[in-house]
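Structure file run00.txt (compact mmCIF, C-alpha atoms) follows.
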# COMPACT_ATOMS: atom_id res chain seq x y z
CA MET A 22 0.00 0.00 0.00
CA GLN A 23 1.38 3.39 -1.01
CA GLN A 24 2.38 5.64 1.87
CA LYS A 25 0.90 9.12 2.04
CA PRO A 26 3.64 11.58 3.04
CA PHE A 27 1.29 14.46 2.33
CA SER A 28 -0.69 16.33 4.96
CA PHE A 29 -1.71 19.77 6.10
CA GLU A 30 -1.70 21.15 9.60
CA ILE A 31 -3.10 24.48 10.77
CA THR A 32 -0.68 26.14 13.18
CA SER A 33 -2.63 29.32 14.00
CA ARG A 34 -5.87 31.13 13.22
CA PHE A 35 -6.43 34.86 13.06
CA ASN A 36 -9.29 36.31 15.09
CA ASP A 37 -12.74 35.65 13.62
CA THR A 38 -11.55 35.52 10.00
CA LEU A 39 -10.84 32.56 7.72
CA ALA A 40 -7.14 33.46 7.73
CA ARG A 41 -4.73 30.90 9.12
CA THR A 42 -1.12 29.80 9.07
CA GLY A 43 -0.09 26.21 8.50
CA ILE A 44 2.33 23.70 7.05
CA ILE A 45 1.83 21.55 3.96
CA HIS A 46 3.95 18.40 4.26
CA THR A 47 5.04 16.92 0.89
CA PRO A 48 7.49 14.16 -0.15
CA HIS A 49 10.03 16.85 -1.03
CA GLY A 50 9.71 19.08 1.99
CA ASP A 51 7.39 21.37 3.89
CA ILE A 52 5.66 24.56 2.77
CA LYS A 53 4.89 27.08 5.50
CA THR A 54 1.63 28.83 4.67
CA PRO A 55 0.48 31.31 3.54
CA ALA A 56 3.07 30.97 0.78
CA PHE A 57 3.71 32.40 -2.67
CA ILE A 58 4.51 29.62 -5.13
CA VAL A 59 6.99 30.77 -7.78
CA VAL A 60 6.00 29.88 -11.34
CA GLY A 61 8.41 27.85 -13.45
CA THR A 62 6.17 27.32 -16.47
CA LYS A 63 8.49 25.22 -18.64
CA ALA A 64 10.45 23.62 -15.80
CA ASN A 65 12.33 26.86 -15.23
CA VAL A 66 11.63 30.19 -13.57
CA LYS A 67 12.23 32.63 -16.40
CA ALA A 68 15.65 34.32 -16.35
CA MET A 69 16.61 32.53 -13.10
CA ILE A 70 18.44 29.33 -12.18
CA PRO A 71 17.10 27.17 -9.33
CA GLU A 72 19.82 28.34 -6.94
CA MET A 73 18.54 31.90 -7.42
CA VAL A 74 14.98 30.75 -6.80
CA ALA A 75 16.03 29.13 -3.54
CA ASP A 76 18.00 32.24 -2.55
CA VAL A 77 14.89 34.47 -2.79
CA GLY A 78 13.21 32.21 -0.23
CA ALA A 79 10.82 30.38 -2.54
CA GLN A 80 9.46 27.25 -0.91
CA ALA A 81 8.02 25.58 -4.03
CA VAL A 82 7.79 25.93 -7.80
CA LEU A 83 4.77 25.45 -10.09
CA ALA A 84 5.23 24.12 -13.62
CA ASN A 85 2.74 23.92 -16.48
CA ALA A 86 1.40 20.58 -17.71
CA TYR A 87 0.30 21.95 -21.09
CA HIS A 88 3.70 23.40 -21.97
CA LEU A 89 5.66 20.41 -20.69
CA TYR A 90 3.38 18.00 -22.57
CA LEU A 91 4.15 19.80 -25.82
CA GLN A 92 7.86 20.23 -25.06
CA PRO A 93 9.85 18.18 -24.10
CA GLY A 94 7.08 15.71 -23.23
CA HIS A 95 6.09 14.22 -19.89
CA LYS A 96 7.57 10.82 -20.74
CA LEU A 97 11.03 12.34 -21.13
CA ILE A 98 10.69 14.13 -17.79
CA GLU A 99 9.67 10.85 -16.18
CA LYS A 100 12.78 9.17 -17.61
CA ALA A 101 14.89 12.00 -16.19
CA GLY A 102 13.65 11.22 -12.69
CA TYR A 103 10.64 13.59 -12.58
CA LEU A 104 10.39 17.36 -12.49
CA GLY A 105 12.56 18.18 -9.48
CA LYS A 106 15.53 16.17 -10.68
CA PHE A 107 15.03 17.32 -14.29
CA MET A 108 15.25 21.01 -13.36
CA ASN A 109 17.61 20.63 -10.38
CA TRP A 110 15.05 21.79 -7.81
CA SER A 111 15.04 19.80 -4.56
CA GLY A 112 11.96 21.38 -2.96
CA PRO A 113 8.22 20.78 -3.40
CA THR A 114 6.68 21.15 -6.85
CA PHE A 115 3.22 21.81 -8.28
CA THR A 116 1.79 21.26 -11.76
CA ASP A 117 -1.47 22.67 -13.05
CA SER A 118 -3.71 20.49 -15.20
CA GLY A 119 -3.25 22.31 -18.51
CA GLY A 120 -6.95 23.18 -18.53
CA PHE A 121 -6.35 26.91 -18.30
CA GLN A 122 -3.97 26.92 -21.25
CA VAL A 123 -5.96 24.72 -23.64
CA LEU A 124 -9.15 26.65 -22.91
CA SER A 125 -7.76 30.17 -22.59
CA LEU A 126 -6.82 29.82 -26.25
CA GLY A 127 -10.51 29.93 -27.05
CA SER A 128 -12.48 30.86 -23.94
CA GLY A 129 -15.14 33.42 -24.58
CA PHE A 130 -14.27 34.06 -28.23
CA LYS A 131 -13.04 30.99 -30.10
CA LYS A 132 -14.31 28.08 -28.03
CA VAL A 133 -17.11 25.85 -29.33
CA LEU A 134 -18.78 22.65 -28.25
CA ALA A 135 -17.19 19.77 -30.11
CA MET A 136 -18.87 18.06 -33.01
CA SER A 137 -18.14 14.38 -32.47
CA THR A 138 -17.10 11.86 -29.84
CA ASP A 139 -14.38 10.46 -32.12
CA VAL A 140 -11.04 12.17 -31.47
CA ASP A 141 -9.68 11.66 -34.99
CA GLU A 142 -12.88 13.02 -36.50
CA GLU A 143 -12.84 16.02 -34.14
CA ILE A 144 -9.25 16.82 -35.09
CA ALA A 145 -10.02 16.48 -38.79
CA ILE A 146 -12.91 18.95 -38.46
CA ALA A 147 -10.79 21.23 -36.28
CA LYS A 148 -8.15 21.51 -38.99
CA LYS A 149 -10.78 22.95 -41.34
CA SER A 150 -11.83 25.57 -38.81
CA SER A 151 -10.29 28.85 -37.61
CA ARG A 152 -11.13 28.10 -33.99
CA HIS A 153 -8.59 27.19 -31.33
CA ALA A 154 -10.47 25.06 -28.76
CA TRP A 155 -13.29 22.54 -28.98
CA VAL A 156 -15.03 21.22 -25.88
CA ASP A 157 -17.13 18.08 -25.43
CA GLU A 158 -18.07 15.98 -22.45
CA ASN A 159 -14.91 13.94 -22.85
CA GLY A 160 -12.35 16.76 -22.97
CA VAL A 161 -10.86 19.52 -25.13
CA VAL A 162 -9.35 19.47 -28.62
CA PHE A 163 -6.83 22.28 -29.04
CA LYS A 164 -4.26 23.62 -31.45
CA SER A 165 -0.63 23.73 -30.32
CA HIS A 166 0.82 27.22 -30.15
CA LEU A 167 4.21 25.75 -31.12
CA ASP A 168 3.56 24.05 -34.44
CA GLY A 169 -0.18 24.18 -35.10
CA SER A 170 -0.65 20.46 -34.45
CA TYR A 171 -3.88 19.26 -32.87
CA HIS A 172 -4.27 17.38 -29.60
CA LYS A 173 -6.99 16.35 -27.19
CA PHE A 174 -6.78 16.63 -23.42
CA THR A 175 -9.08 14.45 -21.36
CA PRO A 176 -9.11 14.28 -17.56
CA GLU A 177 -7.33 10.94 -17.78
CA LEU A 178 -4.57 12.23 -20.07
CA SER A 179 -4.05 15.31 -17.91
CA MET A 180 -3.54 13.08 -14.87
CA GLN A 181 -1.16 10.83 -16.82
CA ILE A 182 0.85 13.86 -17.96
CA GLN A 183 1.08 15.19 -14.41
CA ALA A 184 2.01 11.74 -13.12
CA GLY A 185 4.84 11.63 -15.67
CA ILE A 186 6.04 15.09 -14.64
CA GLY A 187 5.97 13.87 -11.04
CA ALA A 188 5.05 17.00 -9.06
CA ASP A 189 4.10 16.76 -5.39
CA ILE A 190 0.82 18.64 -5.91
CA THR A 191 -1.32 18.32 -9.04
CA PHE A 192 -4.68 19.72 -10.13
CA ALA A 193 -7.79 18.09 -11.56
CA PHE A 194 -8.73 18.88 -15.15
CA ASP A 195 -11.42 21.58 -15.34
CA GLU A 196 -13.20 23.78 -17.86
CA LEU A 197 -12.19 27.43 -17.82
CA THR A 198 -14.95 29.95 -18.51
CA SER A 199 -14.80 33.70 -18.92
CA LEU A 200 -16.88 36.44 -17.34
CA ILE A 201 -18.56 37.09 -20.69
CA ASP A 202 -19.90 33.52 -20.90
CA PRO A 203 -23.64 33.60 -20.06
CA TYR A 204 -24.98 32.02 -16.88
CA GLU A 205 -26.52 29.13 -18.81
CA TYR A 206 -23.12 28.21 -20.22
CA GLN A 207 -21.49 28.56 -16.79
CA VAL A 208 -23.95 25.93 -15.53
CA GLU A 209 -23.09 23.55 -18.38
CA ALA A 210 -19.35 24.09 -17.95
CA LEU A 211 -19.52 23.53 -14.21
CA ALA A 212 -21.32 20.23 -14.74
CA ARG A 213 -18.47 19.19 -17.04
CA THR A 214 -15.89 20.34 -14.47
CA HIS A 215 -17.60 18.19 -11.83
CA ALA A 216 -17.67 15.16 -14.11
CA TRP A 217 -14.03 15.73 -15.02
CA ALA A 218 -13.15 16.07 -11.33
CA GLU A 219 -14.61 12.62 -10.68
CA ARG A 220 -12.69 11.18 -13.61
CA SER A 221 -9.46 12.94 -12.59
CA LEU A 222 -9.70 11.51 -9.09
CA ALA A 223 -10.49 8.02 -10.37
CA GLU A 224 -7.51 8.11 -12.75
CA VAL A 225 -5.14 9.33 -10.04
CA LYS A 226 -6.26 6.51 -7.73
CA ARG A 227 -5.68 4.02 -10.58
CA LEU A 228 -2.21 5.42 -11.21
CA ARG A 229 -1.33 5.32 -7.50
CA ALA A 230 -2.38 1.68 -7.30
CA ALA A 231 -0.42 0.81 -10.45
CA HIS A 232 2.76 2.48 -9.16
CA PRO A 233 2.79 1.91 -5.37
CA ASP A 234 6.50 2.72 -5.03
CA LYS A 235 6.27 6.15 -6.64
CA PRO A 236 6.30 9.22 -4.35
CA TYR A 237 2.78 10.27 -3.42
CA GLN A 238 1.21 12.94 -5.63
CA ALA A 239 -1.53 15.03 -4.03
CA LEU A 240 -4.53 15.98 -6.18
CA PHE A 241 -6.39 19.26 -5.73
CA GLY A 242 -9.92 19.73 -7.07
CA VAL A 243 -10.50 22.98 -9.01
CA LEU A 244 -13.49 25.21 -8.33
CA GLN A 245 -15.10 27.16 -11.17
CA GLY A 246 -18.39 29.07 -11.36
CA ALA A 247 -17.23 32.58 -12.35
CA ASN A 248 -18.73 35.29 -10.11
CA TYR A 249 -22.03 33.51 -9.42
CA GLU A 250 -22.65 32.83 -5.74
CA ASP A 251 -24.93 29.84 -6.30
CA LEU A 252 -22.46 28.13 -8.64
CA ARG A 253 -19.44 28.78 -6.42
CA LYS A 254 -21.25 27.39 -3.39
CA GLN A 255 -22.52 24.43 -5.40
CA THR A 256 -19.03 23.50 -6.56
CA ALA A 257 -17.61 23.93 -3.05
CA GLU A 258 -20.22 21.51 -1.71
CA PHE A 259 -19.69 19.01 -4.53
CA LEU A 260 -15.89 18.98 -4.58
CA GLY A 261 -15.61 19.42 -0.82
CA ALA A 262 -17.34 16.08 -0.34
CA MET A 263 -14.82 14.30 -2.56
CA ASP A 264 -11.53 12.70 -1.58
CA PHE A 265 -9.22 15.46 -2.78
CA ASP A 266 -6.04 16.38 -0.91
CA GLY A 267 -6.75 20.11 -1.31
CA TYR A 268 -8.49 22.61 -3.53
CA GLY A 269 -7.64 25.16 -6.19
CA ILE A 270 -9.85 28.20 -6.70
CA GLY A 271 -9.71 29.19 -10.32
CA GLY A 272 -11.66 30.58 -13.22
CA ALA A 273 -13.01 34.01 -13.93
CA LEU A 274 -12.64 36.27 -10.90
CA GLU A 275 -13.38 40.00 -10.78
CA LYS A 276 -11.01 42.05 -8.64
CA GLU A 277 -13.90 43.85 -6.95
CA THR A 278 -15.63 40.62 -5.87
CA MET A 279 -12.65 38.27 -5.53
CA ALA A 280 -12.57 38.30 -1.73
CA GLN A 281 -16.30 37.64 -1.52
CA THR A 282 -16.04 34.76 -3.97
CA ILE A 283 -13.21 33.19 -2.00
CA GLN A 284 -15.20 33.57 1.20
CA TRP A 285 -18.22 31.82 -0.33
CA VAL A 286 -16.23 28.69 -1.09
CA ASN A 287 -13.84 28.64 1.87
CA GLN A 288 -16.73 28.76 4.32
CA ILE A 289 -17.83 25.44 2.79
CA LEU A 290 -14.62 23.61 1.83
CA PRO A 291 -13.07 21.28 4.45
CA GLU A 292 -11.04 23.39 6.85
CA ASN A 293 -8.34 20.75 7.24
CA LYS A 294 -7.27 20.80 3.58
CA PRO A 295 -5.08 23.42 1.86
CA ARG A 296 -6.56 25.96 -0.56
CA HIS A 297 -4.67 27.37 -3.53
CA LEU A 298 -5.66 30.48 -5.50
CA LEU A 299 -4.55 30.30 -9.11
CA GLY A 300 -2.84 33.33 -10.64
CA ILE A 301 -2.55 36.38 -8.34
CA SER A 302 0.38 38.48 -7.11
CA GLU A 303 -0.93 42.05 -6.74
CA PRO A 304 -0.36 43.04 -3.08
CA ASP A 305 -3.95 44.13 -2.30
CA ASP A 306 -5.23 40.86 -3.78
CA ILE A 307 -2.72 38.89 -1.71
CA PHE A 308 -3.91 40.43 1.55
CA ALA A 309 -7.57 39.96 0.60
CA ALA A 310 -7.08 36.32 -0.40
CA ILE A 311 -5.15 35.41 2.73
CA GLU A 312 -7.77 37.06 4.94
CA GLN A 313 -10.36 34.78 3.33
CA GLY A 314 -8.41 31.60 4.02
CA ILE A 315 -6.10 31.09 1.03
CA ASP A 316 -2.98 29.11 1.91
CA THR A 317 -0.97 29.23 -1.33
CA PHE A 318 -1.12 31.06 -4.64
CA ASP A 319 0.99 31.53 -7.75
CA CYS A 320 1.53 34.09 -10.50
CA VAL A 321 3.93 34.77 -13.37
CA SER A 322 3.86 38.55 -12.80
CA PRO A 323 7.11 39.01 -10.82
CA THR A 324 9.29 37.76 -13.67
CA ARG A 325 7.05 39.07 -16.43
CA VAL A 326 7.13 42.66 -15.21
CA ALA A 327 10.87 42.29 -14.55
CA ARG A 328 11.49 41.45 -18.20
CA ASN A 329 9.55 44.59 -19.07
CA GLY A 330 11.82 46.70 -16.87
CA ALA A 331 9.61 47.12 -13.80
CA ALA A 332 10.51 46.56 -10.15
CA TYR A 333 8.37 46.20 -7.04
CA THR A 334 9.12 48.67 -4.25
CA PRO A 335 7.35 49.60 -0.99
CA PHE A 336 5.95 52.61 -2.88
CA GLY A 337 4.56 50.63 -5.78
CA ARG A 338 5.87 49.31 -9.06
CA VAL A 339 8.44 51.50 -10.83
CA ASN A 340 9.84 51.62 -14.35
CA VAL A 341 13.60 51.26 -13.96
CA ARG A 342 14.12 52.53 -17.52
CA GLY A 343 13.07 55.97 -16.32
CA GLN A 344 15.36 59.00 -16.42
CA LYS A 345 15.39 59.27 -12.61
CA TYR A 346 17.32 55.99 -12.38
CA ARG A 347 20.12 56.84 -14.86
CA GLU A 348 22.33 58.29 -12.14
CA LEU A 349 20.86 56.63 -9.06
CA PHE A 350 23.94 54.90 -7.69
CA GLU A 351 22.14 53.01 -4.97
CA PRO A 352 19.90 49.92 -4.88
CA ILE A 353 16.32 49.95 -6.10
CA MET A 354 15.41 49.36 -2.42
CA GLU A 355 17.85 50.33 0.32
CA ASP A 356 16.51 47.81 2.85
CA CYS A 357 16.01 44.91 0.43
CA ASP A 358 18.07 41.79 1.19
CA CYS A 359 17.91 40.30 -2.31
CA TYR A 360 21.08 39.54 -4.28
CA THR A 361 20.36 42.31 -6.78
CA CYS A 362 19.95 45.05 -4.19
CA ARG A 363 23.01 43.85 -2.28
CA HIS A 364 25.27 44.04 -5.34
CA TYR A 365 23.88 46.36 -8.02
CA THR A 366 22.66 49.92 -8.34
CA ALA A 367 19.52 51.19 -10.02
CA ALA A 368 21.76 53.07 -12.46
CA TYR A 369 23.36 49.82 -13.58
CA LEU A 370 19.97 48.15 -14.04
CA CYS A 371 18.77 51.16 -16.03
CA HIS A 372 21.85 50.84 -18.25
CA LEU A 373 21.25 47.11 -18.82
CA LEU A 374 17.64 47.75 -19.82
CA HIS A 375 18.55 50.44 -22.33
CA ALA A 376 21.36 48.23 -23.67
CA ARG A 377 18.87 45.39 -23.99
CA GLU A 378 21.08 43.07 -22.00
CA SER A 379 19.35 39.88 -20.79
CA LEU A 380 21.05 40.27 -17.41
CA ALA A 381 18.54 43.04 -16.65
CA GLY A 382 15.69 40.52 -16.68
CA THR A 383 17.59 38.19 -14.37
CA LEU A 384 18.51 40.82 -11.79
CA LEU A 385 15.04 42.37 -11.75
CA SER A 386 13.41 38.92 -11.56
CA ILE A 387 15.51 38.10 -8.50
CA HIS A 388 14.38 41.33 -6.84
CA ASN A 389 10.70 40.98 -7.74
CA GLU A 390 10.42 37.35 -6.67
CA ARG A 391 12.12 38.18 -3.37
CA PHE A 392 9.79 41.13 -2.85
CA ILE A 393 6.61 39.04 -3.21
CA VAL A 394 7.97 36.01 -1.33
CA LYS A 395 9.06 38.22 1.58
CA LEU A 396 5.75 40.09 1.57
CA VAL A 397 3.87 36.83 2.06
CA ASP A 398 6.38 35.69 4.70
CA ASP A 399 5.76 38.97 6.54
CA ILE A 400 2.00 38.48 6.25
CA ARG A 401 2.37 35.01 7.76
CA GLU A 402 4.32 36.51 10.65
CA SER A 403 1.67 39.22 11.12
CA LEU A 404 -1.02 36.53 11.39
CA GLU A 405 0.99 34.68 14.01
CA ASN A 406 1.58 37.78 16.14
CA GLY A 407 -1.93 39.19 15.74
CA MET A 408 -0.86 42.27 13.74
CA PHE A 409 -2.33 41.38 10.34
CA TYR A 410 -4.62 44.40 9.98
CA GLU A 411 -1.98 46.85 11.15
CA PHE A 412 0.56 45.44 8.73
CA ARG A 413 -1.95 45.33 5.86
CA ASP A 414 -3.10 48.91 6.30
CA SER A 415 0.43 50.26 6.65
CA PHE A 416 1.81 48.34 3.67
CA LEU A 417 -1.05 49.08 1.28
CA ALA A 418 -1.22 52.78 2.20
CA LYS A 419 2.43 53.14 1.24
CA TYR A 420 2.36 50.83 -1.80
CA TYR A 421 -0.59 52.56 -3.46
CA SER A 422 0.30 56.06 -2.32
CA LYS A 423 1.20 57.16 -5.85
CA LYS A 424 -1.89 55.68 -7.46
Let me see the structure of the file written as structure tokens.
Amino acid sequence: MQQKPFSFEITSRFNDTLARTGIIHTPHGDIKTPAFIVVGTKANVKAMIPEMVADVGAQAVLANAYHLYLQPGHKLIEKAGYLGKFMNWSGPTFTDSGGFQVLSLGSGFKKVLAMSTDVDEEIAIAKKSSRHAWVDENGVVFKSHLDGSYHKFTPELSMQIQAGIGADITFAFDELTSLIDPYEYQVEALARTHAWAERSLAEVKRLRAAHPDKPYQALFGVLQGANYEDLRKQTAEFLGAMDFDGYGIGGALEKETMAQTIQWVNQILPENKPRHLLGISEPDDIFAAIEQGIDTFDCVSPTRVARNGAAYTPFGRVNVRGQKYRELFEPIMEDCDCYTCRHYTAAYLCHLLHARESLAGTLLSIHNERFIVKLVDDIRESLENGMFYEFRDSFLAKYYSKK
């Protein structure tokens, strides 16, 4: 019988809110929560090597099943000894299901219900169409962004891909919807997500039984339902009653109602299982999500904005290409402990950006990842010492002071 070296313990709760601190135990180490999970989409954090990722204090890395399926392939990663060994990362790892990527290609504008239950026939019809994603009850046909080839993801294949990649935490296959999809379609899509959740869980249990010596992979169910209270509560009830190891809150979320949406589901989901919010890193969203009981979350923004020349500071995001940084011979942040701020000046970073040197993206990525990781670490500390609201109000007042 396969051992289960995966668990979650709550170490503290904050007042009468849903906020808490905890520890997720995985086969490759512990994650103290709340925690920001650094995104390494293609088995690498863009512009950084794993030693840099560890140095910024990252506890875990999330990779993308869709991208790794297309290149280099999950079977190759399995032969290499799974994701951690392949990318030289010794800590915990996550993989998403690929559902966001295959459906975001068409969600809301070029997504249609599929025409047939035969995969070959679906692909043949797809090749004659200009659309990018086709959905049926069995899965999604999509067009590769790399070479235009056609593929079909089913819940079973997504679980097999993630099993081959070998991450500690995986996600069930789900159907992404957009805020412009009508309510009637949201209902249909949620029914498919529920059916796919059952199939994802069944396939993972089959794979665990077939490979009892393999390190345990946790499976998180994914909640959809857009911004509709009845659908979000329905999915929380349905998935919360299933044998998932944790839960991912995904789909279309409006900034103005995000906290309320998270509260709806977290008041229903099992308290003793971790909750992951997919795709946020804006500081006000981080505070709001944690207050409503989110334990982990991920986002590509820190490295993306770094490659565009922007840096996070206590006074908001700044464009380091700006004239004011040309002769600023001091760090971007005086009190920042990241490698970049300890060794390089803003003037040098400004020069690298104007010279279009790739080193600029690396140094700014180091700083930005450290900034967000440390922010969440500081939030965790504020929850433990009862100063969450004071820290939140002080930080956000300063961060958004220029906006």
To one decimal place in Å, what is the distance between CA of Asp319 (chain A) and CA of Leu299 (chain A)?
5.8 Å
Please provide the set of residues having any atom within 6 Å of Val162 (chain A), restricted to all atoms listed in the file, with same-chain residues fewer than 6 positions apart removed, written as a ChimeraX atom specification.
/A:154-155,172-173
Counting all atoms listed in the file, figure out which residue out of A:Leu240, A:Thr54, A:Ile182, A:Leu197 gets nearest to Gly120 (chain A).
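Ranked by minimum distance to Gly120 (chain A), first place goes to A:Leu197.
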Between A:Ala367, A:Met354, A:Ile393, A:Val66, smallest distance to Ser302 (chain A) by only C-alpha atoms belongs to A:Ile393
Atom pair CA of Ile301 (chain A) + CA of Ile31 (chain A), distance 22.5 Å
Given only C-alpha atoms, how would the per-residue table for region 335-364 of chain A near region 78-99 of chain A read, listing every residue at most 12 Å away with its closest atom pair and distance in Å to one decimal, sorted by chain and number, as a tab-separated table?
residue	atom	partner	partner_atom	distance
A:Asp358	CA	A:Gly78	CA	10.8
A:Cys359	CA	A:Gly78	CA	9.6
A:Tyr360	CA	A:Gly78	CA	11.5
Skipping near chain neighbours, those fewer than 5 positions away, what residues fall within 8 Å of Asn340 (chain A) using all atoms listed in the file, listed as number ranges by chain?
A: 330-332
If you measure from CA of Arg413 (chain A) to CA of Val77 (chain A), what distance in Å do you get, rounded to one decimal?
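Atom-to-atom, CA of Arg413 (chain A) and CA of Val77 (chain A) are spaced 21.8 Å apart.
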Around the point (19.6, 59.9, -14.1), in the coordinates given by the file, pick out the residues reaching within 12 Å, counting all atoms listed in the file, and return them as an mmCIF file with C-alpha atoms, keeping the file's coordinate frame.
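And here's result_21.cif as it stands now:
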data_model
loop_
_atom_site.group_PDB
_atom_site.id
_atom_site.type_symbol
_atom_site.label_atom_id
_atom_site.label_comp_id
_atom_site.auth_asym_id
_atom_site.auth_seq_id
_atom_site.Cartn_x
_atom_site.Cartn_y
_atom_site.Cartn_z
ATOM 1 C CA VAL A 341 13.600 51.260 -13.960
ATOM 2 C CA ARG A 342 14.120 52.530 -17.520
ATOM 3 C CA GLY A 343 13.070 55.970 -16.320
ATOM 4 C CA GLN A 344 15.360 59.000 -16.420
ATOM 5 C CA LYS A 345 15.390 59.270 -12.610
ATOM 6 C CA TYR A 346 17.320 55.990 -12.380
ATOM 7 C CA ARG A 347 20.120 56.840 -14.860
ATOM 8 C CA GLU A 348 22.330 58.290 -12.140
ATOM 9 C CA LEU A 349 20.860 56.630 -9.060
ATOM 10 C CA PHE A 350 23.940 54.900 -7.690
ATOM 11 C CA GLU A 351 22.140 53.010 -4.970
ATOM 12 C CA THR A 366 22.660 49.920 -8.340
ATOM 13 C CA ALA A 367 19.520 51.190 -10.020
ATOM 14 C CA ALA A 368 21.760 53.070 -12.460
ATOM 15 C CA TYR A 369 23.360 49.820 -13.580
ATOM 16 C CA LEU A 370 19.970 48.150 -14.040
ATOM 17 C CA CYS A 371 18.770 51.160 -16.030
ATOM 18 C CA HIS A 372 21.850 50.840 -18.250
#
Got a sec: who's within 10 Å of Ala273 (chain A), counting only C-alpha atoms, leaving out chain neighbours fewer than 5 positions off, as a VMD selection string?
chain A and resid 197 to 202 245 to 248 279
Selected residue of minimal separation from Leu290 (chain A) among A:Asp195, A:Glu355, A:Asp266, A:Asp234, counting only C-alpha atoms
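Among A:Asp195, A:Glu355, A:Asp266, A:Asp234, it is A:Asp266 that comes nearest to Leu290 (chain A).
Minimum atom-to-atom distance to Ile70 (chain A), evaluated using all atoms listed in the file, belongs to A:Ile387 out of A:Val225, A:Ile387, A:Ile307, A:Ile45.
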So which residues touch region 101-112 of chain A within 7 Å, counting only C-alpha atoms, skipping near sequence neighbours fewer than 4 positions away, as JSON, numbers by chain?
{"A": [49, 50, 64, 65, 71, 80, 81, 97, 185, 186, 187, 188]}
Restricting the calculation to all atoms listed in the file: of A:Lys395, A:His364, A:Arg377, A:Arg296, which residue gets closest to Ile311 (chain A)?
A:Arg296
Counting all atoms listed in the file, the option among A:Tyr410, A:Asp189, A:His388, A:Lys235 closest to Asp356 (chain A)
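Checking each candidate against Asp356 (chain A), we get A:His388 as the closest.
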